[in-house]
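Have a look at start_34.csv; it's CSV, C-alpha atoms and all ligand atoms:
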chain,number,residue,atom,x,y,z
A,1,MET,CA,0.0,0.0,0.0
A,2,LEU,CA,2.8,2.5,0.9
A,3,GLU,CA,4.4,1.8,-2.5
A,4,GLN,CA,1.2,2.7,-4.2
A,5,LEU,CA,1.1,6.0,-2.3
A,6,GLU,CA,4.7,6.8,-3.5
A,7,ARG,CA,3.6,6.1,-7.1
A,8,LEU,CA,0.6,8.3,-6.6
A,9,VAL,CA,2.6,11.3,-5.4
A,10,GLN,CA,5.2,10.9,-8.1
A,11,GLU,CA,2.5,10.8,-10.8
A,12,ALA,CA,0.7,13.7,-9.3
A,13,GLN,CA,3.8,15.9,-9.2
A,14,GLU,CA,4.7,15.1,-12.8
A,15,ALA,CA,1.1,15.9,-13.9
A,16,LEU,CA,1.2,19.2,-12.1
A,17,GLN,CA,4.4,20.2,-13.8
A,18,SER,CA,2.7,19.9,-17.2
A,19,ALA,CA,-0.5,21.8,-16.1
A,20,ASN,CA,0.5,25.1,-17.6
A,21,ASP,CA,-2.8,27.1,-17.8
A,22,ASP,CA,-5.7,27.8,-15.5
A,23,GLN,CA,-7.9,25.1,-17.0
A,24,ALA,CA,-5.3,22.3,-16.8
A,25,LEU,CA,-4.5,23.3,-13.2
A,26,SER,CA,-8.2,23.2,-12.2
A,27,GLU,CA,-8.6,19.8,-13.9
A,28,TRP,CA,-5.5,18.6,-12.0
A,29,ARG,CA,-7.0,19.8,-8.8
A,30,SER,CA,-10.2,17.9,-9.2
A,31,SER,CA,-8.5,14.7,-10.3
A,32,TYR,CA,-6.2,14.6,-7.3
A,33,LEU,CA,-7.6,16.7,-4.5
A,34,GLY,CA,-11.3,16.9,-5.5
A,35,ARG,CA,-14.1,15.0,-3.7
A,36,LYS,CA,-13.4,11.9,-5.9
A,37,GLY,CA,-9.8,12.7,-6.5
A,38,LYS,CA,-7.0,10.1,-6.2
A,39,ALA,CA,-5.4,11.6,-3.1
A,40,THR,CA,-8.8,11.9,-1.4
A,41,GLU,CA,-9.6,8.3,-2.2
A,42,ALA,CA,-6.2,7.3,-0.8
A,43,VAL,CA,-7.2,9.0,2.5
A,44,LYS,CA,-10.5,7.2,2.5
A,45,ALA,CA,-8.7,3.8,1.9
A,46,LEU,CA,-7.3,4.1,5.4
A,47,GLY,CA,-10.5,2.7,6.9
A,48,SER,CA,-10.2,-0.6,5.0
A,49,LEU,CA,-6.6,-1.4,6.0
A,50,PRO,CA,-5.7,-3.9,8.7
A,51,ARG,CA,-5.3,-2.1,12.0
A,52,GLU,CA,-1.5,-2.5,12.2
A,53,GLU,CA,-0.8,-0.9,8.8
A,54,ARG,CA,-3.0,2.1,9.6
A,55,PRO,CA,-0.6,4.4,11.6
A,56,ALA,CA,2.2,4.3,9.0
A,57,TYR,CA,-0.2,4.6,6.1
A,58,GLY,CA,-2.2,7.4,7.8
A,59,ARG,CA,0.9,9.5,8.5
A,60,ARG,CA,2.2,9.2,5.0
A,61,VAL,CA,-1.1,9.8,3.2
A,62,ASN,CA,-1.7,13.0,5.2
A,63,GLU,CA,1.8,14.1,4.4
A,64,ILE,CA,1.2,13.5,0.7
A,65,LYS,CA,-2.1,15.3,0.7
A,66,ARG,CA,-0.5,18.3,2.3
A,67,THR,CA,2.4,18.2,-0.1
A,68,LEU,CA,0.1,18.1,-3.1
A,69,GLU,CA,-2.0,20.9,-1.7
A,70,ASP,CA,1.1,23.0,-1.2
A,71,ALA,CA,2.3,22.1,-4.6
A,72,TYR,CA,-1.0,23.2,-6.1
A,73,GLU,CA,-0.9,26.6,-4.3
A,74,ALA,CA,2.7,27.2,-5.5
A,75,LYS,CA,1.8,26.3,-9.0
A,76,ALA,CA,-1.3,28.6,-9.0
A,77,GLU,CA,0.8,31.4,-7.7
A,78,ALA,CA,3.5,30.7,-10.4
A,79,LEU,CA,0.9,30.8,-13.2
A,80,LYS,CA,-0.5,34.1,-11.9
A,81,LYS,CA,3.0,35.6,-11.8
A,82,GLN,CA,3.7,34.4,-15.3
A,83,ALA,CA,0.5,35.9,-16.6
A,84,GLN,CA,1.3,39.3,-15.0
A,85,VAL,CA,4.8,39.2,-16.5
A,86,GLN,CA,3.3,38.4,-19.9
A,87,ALA,CA,0.8,41.2,-19.6
A,88,LEU,CA,3.7,43.6,-18.9
A,89,VAL,CA,5.5,42.5,-22.0
A,90,VAL,CA,2.4,42.7,-24.2
A,91,ASP,CA,1.2,46.0,-22.9
A,92,GLN,CA,4.6,47.5,-22.7
A,93,VAL,CA,4.6,51.3,-23.1
A,94,ASP,CA,7.5,52.8,-25.0
A,95,VAL,CA,8.1,55.9,-22.9
A,96,SER,CA,10.6,57.2,-25.5
A,97,LEU,CA,7.9,57.5,-28.2
A,98,PRO,CA,6.7,61.1,-28.8
A,99,GLY,CA,3.1,61.6,-27.5
A,100,ARG,CA,0.2,61.8,-29.9
A,101,PRO,CA,-0.8,65.4,-29.9
A,102,PRO,CA,-4.4,66.1,-28.9
A,103,ARG,CA,-6.5,67.5,-31.8
A,104,PRO,CA,-8.0,70.7,-30.5
A,105,GLY,CA,-11.4,71.7,-31.9
A,106,ARG,CA,-11.9,74.9,-33.7
A,107,LEU,CA,-14.7,77.5,-34.1
A,108,HIS,CA,-17.3,77.0,-36.7
A,109,PRO,CA,-16.9,79.5,-39.6
A,110,ALA,CA,-20.4,80.9,-38.8
A,111,THR,CA,-19.3,81.5,-35.2
A,112,ARG,CA,-16.0,83.1,-36.3
A,113,THR,CA,-17.9,85.5,-38.6
A,114,LEU,CA,-20.4,86.3,-35.8
A,115,ARG,CA,-17.6,87.1,-33.5
A,116,GLU,CA,-16.0,89.4,-36.1
A,117,ILE,CA,-19.3,91.2,-36.4
A,118,TYR,CA,-19.7,91.5,-32.6
A,119,ASP,CA,-16.2,93.0,-32.4
A,120,ILE,CA,-16.9,95.7,-35.0
A,121,PHE,CA,-20.2,96.7,-33.6
A,122,ALA,CA,-18.9,96.6,-30.0
A,123,GLU,CA,-16.4,99.4,-31.0
A,124,MET,CA,-19.4,101.4,-32.2
A,125,GLY,CA,-21.2,101.0,-28.9
A,126,PHE,CA,-23.6,98.2,-29.8
A,127,GLN,CA,-24.3,95.5,-27.2
A,128,VAL,CA,-25.3,91.9,-28.0
A,129,TYR,CA,-28.9,91.2,-27.1
A,130,ARG,CA,-29.9,87.6,-27.2
A,131,SER,CA,-33.5,86.5,-27.6
A,132,ARG,CA,-35.5,83.3,-27.9
A,133,ASP,CA,-35.8,81.1,-31.0
A,134,VAL,CA,-39.4,80.1,-30.3
A,135,GLU,CA,-41.6,83.1,-30.7
A,136,THR,CA,-45.2,84.3,-30.9
A,137,ASP,CA,-46.8,85.1,-34.1
A,138,ASP,CA,-47.5,88.5,-32.6
A,139,LEU,CA,-43.9,89.5,-32.0
A,140,ASN,CA,-42.6,87.8,-35.2
A,141,PHE,CA,-45.1,89.5,-37.5
A,142,THR,CA,-48.0,91.6,-36.1
A,143,LEU,CA,-45.9,94.0,-34.0
A,144,LEU,CA,-43.5,94.4,-36.8
A,145,ASN,CA,-46.2,96.0,-38.9
A,146,MET,CA,-47.5,92.8,-40.5
A,147,PRO,CA,-51.0,92.0,-39.2
A,148,PRO,CA,-52.6,88.6,-39.9
A,149,HIS,CA,-53.3,88.2,-43.7
A,150,HIS,CA,-50.9,91.0,-44.6
A,151,PRO,CA,-49.4,90.0,-47.9
A,152,ALA,CA,-45.9,90.8,-46.6
A,153,ARG,CA,-46.1,87.6,-44.5
A,154,ASP,CA,-45.7,85.7,-47.7
A,155,MET,CA,-42.0,86.7,-47.7
A,156,TRP,CA,-41.4,84.4,-44.7
A,157,ASP,CA,-42.3,80.7,-44.9
A,158,THR,CA,-42.9,79.8,-41.3
A,159,PHE,CA,-42.5,76.7,-39.1
A,160,TYR,CA,-45.5,76.4,-36.8
A,161,THR,CA,-45.7,74.5,-33.5
A,162,VAL,CA,-48.8,72.6,-32.4
A,163,THR,CA,-49.6,75.5,-30.0
A,164,PRO,CA,-51.6,78.1,-32.0
A,165,GLY,CA,-49.7,81.4,-32.2
A,166,VAL,CA,-46.3,79.9,-31.3
A,167,ILE,CA,-43.8,79.6,-34.1
A,168,LEU,CA,-40.1,79.4,-34.8
A,169,ARG,CA,-38.8,83.0,-35.5
A,170,THR,CA,-38.2,83.7,-39.1
A,171,HIS,CA,-35.9,86.6,-38.3
A,172,THR,CA,-34.4,88.0,-35.1
A,173,SER,CA,-36.6,91.1,-35.3
A,174,PRO,CA,-39.1,90.0,-32.6
A,175,GLY,CA,-36.1,90.3,-30.2
A,176,GLN,CA,-35.9,94.0,-31.2
A,177,ILE,CA,-39.4,94.6,-29.9
A,178,ARG,CA,-38.4,92.8,-26.7
A,179,ALA,CA,-35.3,95.0,-26.4
A,180,MET,CA,-37.3,98.2,-27.0
A,181,ARG,CA,-39.9,97.2,-24.4
A,182,GLN,CA,-37.1,96.4,-21.9
A,183,TYR,CA,-35.0,99.5,-22.4
A,184,TYR,CA,-37.7,102.2,-23.0
A,185,PRO,CA,-37.3,105.2,-22.4
A,186,GLU,CA,-33.5,104.9,-22.7
A,187,PRO,CA,-31.8,105.1,-26.0
A,188,ILE,CA,-30.7,101.8,-27.5
A,189,ARG,CA,-27.8,100.4,-29.5
A,190,VAL,CA,-28.0,96.6,-29.8
A,191,ILE,CA,-27.2,93.9,-32.3
A,192,LEU,CA,-29.2,90.7,-32.2
A,193,PRO,CA,-27.5,87.5,-33.4
A,194,GLY,CA,-29.1,84.1,-33.6
A,195,MET,CA,-30.6,81.2,-35.5
A,196,CYS,CA,-33.7,81.8,-37.6
A,197,TYR,CA,-35.9,79.3,-39.3
A,198,ARG,CA,-37.8,79.2,-42.6
A,199,TYR,CA,-39.7,76.5,-44.3
A,200,GLU,CA,-38.1,76.7,-47.6
A,201,GLN,CA,-36.6,74.6,-50.4
A,202,ILE,CA,-33.0,74.1,-49.4
A,203,THR,CA,-30.6,75.2,-52.2
A,204,ALA,CA,-27.1,76.5,-52.6
A,205,ARG,CA,-28.4,79.9,-51.5
A,206,SER,CA,-31.0,79.2,-48.9
A,207,GLU,CA,-31.2,77.0,-45.9
A,208,ILE,CA,-34.1,76.3,-43.5
A,209,MET,CA,-31.9,77.4,-40.6
A,210,PHE,CA,-29.4,80.2,-40.7
A,211,ASN,CA,-28.0,82.9,-38.5
A,212,GLN,CA,-29.0,86.5,-38.7
A,213,VAL,CA,-27.6,89.6,-37.1
A,214,GLU,CA,-29.8,92.5,-36.8
A,215,GLY,CA,-28.9,95.9,-35.5
A,216,LEU,CA,-31.1,98.5,-33.9
A,217,ALA,CA,-30.4,102.1,-32.7
A,218,VAL,CA,-33.2,104.1,-31.1
A,219,GLY,CA,-32.8,107.6,-29.8
A,220,LYS,CA,-33.9,111.2,-30.0
A,221,ASP,CA,-32.0,112.5,-33.0
A,222,ILE,CA,-31.1,109.5,-35.1
A,223,THR,CA,-31.1,110.1,-38.8
A,224,MET,CA,-30.5,108.2,-42.0
A,225,ALA,CA,-27.0,109.7,-42.0
A,226,ASP,CA,-26.3,107.7,-38.8
A,227,LEU,CA,-27.5,104.6,-40.5
A,228,LYS,CA,-25.3,105.2,-43.6
A,229,GLY,CA,-22.3,106.0,-41.6
A,230,THR,CA,-22.6,103.0,-39.4
A,231,ILE,CA,-23.1,100.6,-42.3
A,232,VAL,CA,-20.4,102.0,-44.5
A,233,ASP,CA,-18.0,101.8,-41.6
A,234,PHE,CA,-19.0,98.2,-40.9
A,235,ALA,CA,-18.7,97.1,-44.5
A,236,ARG,CA,-15.2,98.6,-44.8
A,237,ARG,CA,-14.1,97.0,-41.5
A,238,ILE,CA,-15.3,93.5,-42.4
A,239,PHE,CA,-14.5,93.5,-46.1
A,240,GLY,CA,-11.6,95.9,-46.5
A,241,ALA,CA,-10.9,99.6,-46.2
A,242,GLY,CA,-11.3,100.4,-49.9
A,243,ARG,CA,-14.8,99.0,-50.4
A,244,GLU,CA,-17.4,101.1,-52.2
A,245,VAL,CA,-20.9,100.9,-50.7
A,246,ARG,CA,-24.2,101.9,-52.2
A,247,PHE,CA,-27.8,102.1,-50.8
A,248,ARG,CA,-30.6,101.1,-53.2
A,249,ALA,CA,-34.2,101.8,-52.4
A,250,SER,CA,-36.2,98.8,-51.3
A,251,HIS,CA,-39.0,97.8,-49.0
A,252,PHE,CA,-39.4,96.1,-45.7
A,253,PRO,CA,-42.7,96.2,-43.7
A,254,PHE,CA,-40.8,97.3,-40.5
A,255,THR,CA,-38.7,100.2,-41.9
A,256,GLU,CA,-39.5,103.4,-43.8
A,257,PRO,CA,-37.6,104.3,-45.9
A,258,SER,CA,-35.9,100.9,-46.6
A,259,ALA,CA,-32.8,100.1,-48.5
A,260,GLU,CA,-30.6,97.2,-49.7
A,261,VAL,CA,-26.9,97.7,-49.2
A,262,ASP,CA,-24.5,96.7,-52.0
A,263,MET,CA,-20.7,96.7,-52.0
A,264,ASP,CA,-18.5,96.6,-55.0
A,265,CYS,CA,-17.7,93.0,-55.9
A,266,ILE,CA,-14.6,91.7,-54.0
A,267,LEU,CA,-13.7,89.3,-56.8
A,268,CYS,CA,-13.6,91.7,-59.7
A,269,ASP,CA,-13.5,95.0,-57.9
A,270,GLY,CA,-16.7,96.1,-59.7
A,271,ALA,CA,-15.6,95.2,-63.2
A,272,GLY,CA,-18.3,92.4,-63.5
A,273,CYS,CA,-17.8,88.6,-63.1
A,274,ARG,CA,-19.7,85.4,-62.5
A,275,VAL,CA,-20.0,86.0,-58.7
A,276,CYS,CA,-21.7,89.4,-59.0
A,277,LYS,CA,-23.6,88.2,-62.1
A,278,TYR,CA,-21.8,90.9,-64.2
A,279,THR,CA,-23.4,93.8,-62.2
A,280,GLY,CA,-20.2,94.7,-60.3
A,281,TRP,CA,-22.2,94.8,-57.0
A,282,LEU,CA,-22.8,92.3,-54.2
A,283,GLU,CA,-25.8,92.6,-51.9
A,284,ILE,CA,-24.6,92.4,-48.2
A,285,MET,CA,-27.6,93.5,-46.1
A,286,GLY,CA,-30.9,95.3,-45.8
A,287,CYS,CA,-31.7,98.3,-43.6
A,288,GLY,CA,-33.9,101.3,-43.0
A,289,MET,CA,-35.4,103.8,-40.6
A,290,VAL,CA,-37.6,102.0,-38.0
A,291,HIS,CA,-41.2,102.3,-39.0
A,292,PRO,CA,-43.2,104.6,-36.7
A,293,VAL,CA,-45.7,101.8,-36.0
A,294,VAL,CA,-42.9,99.5,-34.9
A,295,LEU,CA,-41.3,102.2,-32.7
A,296,GLU,CA,-44.7,102.6,-31.1
A,297,ASN,CA,-45.1,98.9,-30.6
A,298,GLY,CA,-41.8,99.0,-28.8
A,299,GLY,CA,-43.1,101.7,-26.5
A,300,TYR,CA,-41.3,104.7,-28.1
A,301,ASP,CA,-43.3,107.8,-29.2
A,302,PRO,CA,-42.4,108.2,-32.9
A,303,GLU,CA,-42.9,112.0,-32.6
A,304,GLN,CA,-40.0,112.1,-30.1
A,305,TYR,CA,-37.8,109.2,-31.1
A,306,SER,CA,-36.4,107.8,-34.3
A,307,GLY,CA,-34.2,104.8,-35.0
A,308,PHE,CA,-32.5,102.8,-37.7
A,309,ALA,CA,-32.3,99.0,-38.1
A,310,PHE,CA,-30.4,96.6,-40.4
A,311,GLY,CA,-30.2,92.9,-40.9
A,312,MET,CA,-27.6,90.6,-42.5
A,313,GLY,CA,-26.9,86.9,-42.8
A,314,PRO,CA,-23.5,86.0,-41.3
A,315,GLU,CA,-23.3,82.8,-43.4
A,316,ARG,CA,-23.7,84.9,-46.5
A,317,ILE,CA,-21.1,87.4,-45.2
A,318,ALA,CA,-18.7,84.4,-44.7
A,319,MET,CA,-19.5,83.1,-48.2
A,320,LEU,CA,-18.6,86.4,-49.8
A,321,LYS,CA,-15.4,86.8,-47.6
A,322,HIS,CA,-14.2,83.3,-48.3
A,323,GLY,CA,-15.6,82.5,-51.7
A,324,ILE,CA,-17.9,79.7,-50.4
A,325,GLU,CA,-20.3,78.7,-53.1
A,326,ASP,CA,-22.9,76.7,-51.3
A,327,ILE,CA,-24.6,77.7,-48.0
A,328,ARG,CA,-25.4,74.0,-47.3
A,329,TYR,CA,-21.7,73.5,-46.3
A,330,PHE,CA,-22.4,75.4,-43.1
A,331,TRP,CA,-24.7,72.9,-41.4
A,332,GLY,CA,-23.6,69.8,-43.4
A,333,ASN,CA,-21.0,68.8,-40.8
A,334,ASP,CA,-18.4,67.9,-43.4
A,335,LEU,CA,-15.0,68.1,-41.8
A,336,ARG,CA,-13.3,68.7,-45.1
A,337,PHE,CA,-15.2,72.0,-45.1
A,338,LEU,CA,-15.0,72.9,-41.4
A,339,GLU,CA,-11.3,72.2,-41.1
A,340,GLN,CA,-10.4,74.9,-43.6
A,341,PHE,CA,-11.3,77.5,-41.0
A,342,GLY,CA,-9.3,78.6,-38.0
B,1,LIG,C1,-32.3,91.6,-44.5
B,1,LIG,C2,-33.0,92.8,-44.1
B,1,LIG,C3,-33.6,94.0,-42.1
B,1,LIG,C4,-34.6,95.0,-40.2
B,1,LIG,C5,-34.0,93.9,-40.8
B,1,LIG,C6,-35.8,95.7,-38.2
B,1,LIG,C7,-36.3,95.3,-37.0
B,1,LIG,C8,-37.2,96.1,-36.3
B,1,LIG,C9,-37.5,97.3,-36.8
B,1,LIG,C10,-37.0,97.7,-38.0
B,1,LIG,CL1,-37.8,95.7,-34.8
B,1,LIG,N1,-36.2,96.9,-38.7
B,1,LIG,N2,-35.0,94.9,-38.9
B,1,LIG,C11,-34.7,96.2,-40.9
B,1,LIG,C12,-34.3,96.2,-42.2
B,1,LIG,C13,-33.7,95.1,-42.8
B,1,LIG,O1,-33.1,92.8,-42.7
B,1,LIG,O2,-32.1,91.4,-45.7
B,1,LIG,N3,-31.8,90.7,-43.6
B,1,LIG,C14,-31.1,89.6,-43.9
Can you turn what I pasted into structure tokens?
Ligand code: 2NL
Amino acid sequence: MLEQLERLVQEAQEALQSANDDQALSEWRSSYLGRKGKATEAVKALGSLPREERPAYGRRVNEIKRTLEDAYEAKAEALKKQAQVQALVVDQVDVSLPGRPPRPGRLHPATRTLREIYDIFAEMGFQVYRSRDVETDDLNFTLLNMPPHHPARDMWDTFYTVTPGVILRTHTSPGQIRAMRQYYPEPIRVILPGMCYRYEQITARSEIMFNQVEGLAVGKDITMADLKGTIVDFARRIFGAGREVRFRASHFPFTEPSAEVDMDCILCDGAGCRVCKYTGWLEIMGCGMVHPVVLENGGYDPEQYSGFAFGMGPERIAMLKHGIEDIRYFWGNDLRFLEQFG
């Protein structure tokens, strides 16, 4: 019997040596030390031995069992160490490699243009006035001198919400009414930037969402000369000191008189080319003297106060400045376009 025990321990130790992964190790454990394992069975065999053989056998079998348990623990520990060493090799970091530079983001071209516009008007004393995108029909149209069914409403294709009378603003002008009502009776110099929405066919020239920057000055002696001076100065600051600017009579429901502002074509310097459609001029914004009805709706007595207002599309300004041919690039999220700026 003792000889059998010696064979068992030898066989077990050899088997343990070749158990070189977690699975082999756990199989080894159950086949020697498990409930039906060989070493466990050898302990159980003690009971069936003649009484005089039991002490020697018992001592030895217990020794063997402990030896195998210790050997198992040692092997498990060795396998764990080996796995750790291997992980270190596999995941080794080469600290001498130069780091990968982080890619900082950049400002969207519309944001850059907006900020240029803010800077120019800030120097002329205009504050930025922000106002909501979701507006009432009243502020967006009626109070701007366009009562319901007024044909001028046809110029703005509107997005309606399911709440009657609540719409997406088609221009930033409703914010001007809010500004006037907030500041009355103080004089005002503000610009209003922000997204506007129109339910239109999307083309190279028109989007359903776009930024607008409007300006408003209200005070006691504001004349059309102030309007012209402000706009000519702005045009030359944003497009270049030598630019020619002309005012062409036009119509907006909220201004009287109204004008479109043109600048000599930056591509051909007024000679005529494809971009200016051979007119030599590019339209950059609209403007006018605030209509008395609108002044009154803002709380100002048109007998005492006057004002000028203007509106422009910063995406359009950026298109002219950078020769961008299609307005859809702005909100198309194509990095090939966006990465060309900043
Ligand atoms: C354009 C023309 C313009 C205004 C906007 C305005 C607002 C109030 C009163 C008077 Cl509350 N005027 N805004 C005036 C003239 C032109 O925008 O072509 N924008 C892209």
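Selecting all polymer residues at most 6 Å from ligand LIG 1 (chain B), using all atoms listed in the file, gives Ser173, Gln176, Ile177, Glu214, Phe254, Thr255, Met285, Gly286, Cys287, Gly288, Val290, Ala309, Phe310, Gly311, Met312 and Gly313 of chain A.
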Let me see the file: selected residues, C-alpha atoms, as a short mmCIF file (atom, residue, chain, number, x, y, z; two decimals), keeping the file's coordinate frame.
data_model
loop_
_atom_site.label_atom_id
_atom_site.label_comp_id
_atom_site.auth_asym_id
_atom_site.auth_seq_id
_atom_site.Cartn_x
_atom_site.Cartn_y
_atom_site.Cartn_z
CA SER A 173 -36.60 91.10 -35.30
CA GLN A 176 -35.90 94.00 -31.20
CA ILE A 177 -39.40 94.60 -29.90
CA GLU A 214 -29.80 92.50 -36.80
CA PHE A 254 -40.80 97.30 -40.50
CA THR A 255 -38.70 100.20 -41.90
CA MET A 285 -27.60 93.50 -46.10
CA GLY A 286 -30.90 95.30 -45.80
CA CYS A 287 -31.70 98.30 -43.60
CA GLY A 288 -33.90 101.30 -43.00
CA VAL A 290 -37.60 102.00 -38.00
CA ALA A 309 -32.30 99.00 -38.10
CA PHE A 310 -30.40 96.60 -40.40
CA GLY A 311 -30.20 92.90 -40.90
CA MET A 312 -27.60 90.60 -42.50
CA GLY A 313 -26.90 86.90 -42.80
#
Inset, instruction - Determine, counting all atoms listed in the file, which protein, DNA and RNA residues have an atom within 8 Å of an atom of Arg130 (chain A); residues of the same chain fewer than 5 positions away are not included. Present the result as an MDAnalysis selection string. - result: chainID A and resid 175 192:194
Inset, instruction - Tell me which of A:Trp28, A:Tyr305, A:Tyr72, A:Trp331 sits closest to Ile222 (chain A), counting only C-alpha atoms. - result: A:Tyr305
Inset, instruction - Taking (-21.3, 88.2, -52.8) in the file's own coordinates, collect the residues within 7 Å, counting only C-alpha atoms, and hand them back as a list in words. - result: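 Checking each residue against the 7 Å limit leaves Cys265, Val275, Cys276, Leu282, Glu283 and Leu320 of chain A.
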Inset, instruction - Find the distance between CA of Tyr57 (chain A) and CA of Lys38 (chain A) and write it in Å to one decimal. - result: 15.1 Å
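Nearest-residue note for His291 (chain A): choosing from A:Leu144, A:Gln201, A:Gln304, A:Asp262, the minimum distance belongs to A:Leu144, counting all atoms listed in the file.
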Inset, instruction - Grab the CA of Asp94 (chain A) to CA of Gln82 (chain A) distance for me, in Å with one decimal place. - result: 21.1 Å
For the contact check between region 219-255 of chain A and region 186-189 of chain A, emit one row per residue of region 219-255 of chain A within 12 Å, containing the shortest atom pair and the distance in Å rounded to one decimal, counting all atoms listed in the file, chain then rising number order, as a Markdown table.
| residue | atom | partner | partner_atom | distance |
| --- | --- | --- | --- | --- |
| A:Gly219 | CA | A:Pro187 | CA | 4.7 |
| A:Lys220 | CA | A:Pro187 | CA | 7.6 |
| A:Asp221 | CA | A:Pro187 | CA | 10.2 |
| A:Ile222 | CA | A:Pro187 | CA | 10.1 |
| A:Asp226 | CA | A:Arg189 | CA | 11.9 |
| A:Leu227 | CA | A:Arg189 | CA | 11.8 |
| A:Thr230 | CA | A:Arg189 | CA | 11.5 |
Output C-alpha atoms for every residue in the selection just made, as an mmCIF file, keeping the file's coordinate frame.
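Saved as selection_28.cif:
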data_model
loop_
_atom_site.group_PDB
_atom_site.id
_atom_site.type_symbol
_atom_site.label_atom_id
_atom_site.label_comp_id
_atom_site.auth_asym_id
_atom_site.auth_seq_id
_atom_site.Cartn_x
_atom_site.Cartn_y
_atom_site.Cartn_z
ATOM 1 C CA GLY A 219 -32.800 107.600 -29.800
ATOM 2 C CA LYS A 220 -33.900 111.200 -30.000
ATOM 3 C CA ASP A 221 -32.000 112.500 -33.000
ATOM 4 C CA ILE A 222 -31.100 109.500 -35.100
ATOM 5 C CA ASP A 226 -26.300 107.700 -38.800
ATOM 6 C CA LEU A 227 -27.500 104.600 -40.500
ATOM 7 C CA THR A 230 -22.600 103.000 -39.400
#
Inset, instruction - May I have the residues within 9 Å of Ile208 (chain A) as number ranges by chain, using only C-alpha atoms and disregarding those fewer than 2 positions away in the same chain? - result: A: 196-202, 206, 210
Inset, instruction - Tell me which of A:Gly165, A:Gly47, A:Gly125, A:Pro174 sits closest to Val190 (chain A), counting only C-alpha atoms. - result: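 That would be A:Gly125, the residue with the smallest distance to Val190 (chain A).
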Inset, instruction - Just the residues within 8 Å of Ala249 (chain A), please, counting all atoms listed in the file, with nothing from its chain fewer than 4 positions along; format it as a list of chain:residue names. - result: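 Answer for this query is A:Pro257, A:Ser258, A:Ala259, A:Glu260.
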Restricted to C-alpha atoms, what would the selected residues look like written as a tab-separated table (two decimals), in the frame of the given file?
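Printed below is result37.tsv as written:
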chain	number	residue	atom	x	y	z
A	257	PRO	CA	-37.60	104.30	-45.90
A	258	SER	CA	-35.90	100.90	-46.60
A	259	ALA	CA	-32.80	100.10	-48.50
A	260	GLU	CA	-30.60	97.20	-49.70
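Interatomic distance, CA of Arg115 (chain A) to CA of Trp281 (chain A): 25.2 Å.
For the residues A:Leu33, A:Ala24, A:Met209, A:Val43, ranking by smallest atom-to-atom distance to Met1 (chain A) using all atoms listed in the file places A:Val43 first.
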Inset, instruction - Give the answer as one residue: which of A:Glu41, A:Glu256, A:Glu14, A:Asp157 has the shortest atom-to-atom distance to Val293 (chain A), using all atoms listed in the file? - result: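 That would be A:Glu256, the residue with the smallest distance to Val293 (chain A).
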Inset, instruction - Extract, using all atoms listed in the file, all DNA, RNA and protein residues at most 10 Å from Arg60 (chain A), discarding same-chain residues fewer than 3 positions from it, and format them as a ChimeraX atom specification. - result: /A:2,5-6,43,54-57,63-66
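Considering the residues A:Ser306, A:Asn62, A:Asn297, A:Thr172 and counting all atoms listed in the file, Asn145 (chain A) has its shortest atom-to-atom contact with A:Asn297.
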Legend entry - Close residues, Glu135 (chain A) itself excluded, 6 Å, all atoms listed in the file, min 5 positions apart in chain, as a list of chain:residue names: A:Val166, A:Ile167, A:Leu168, A:Arg169
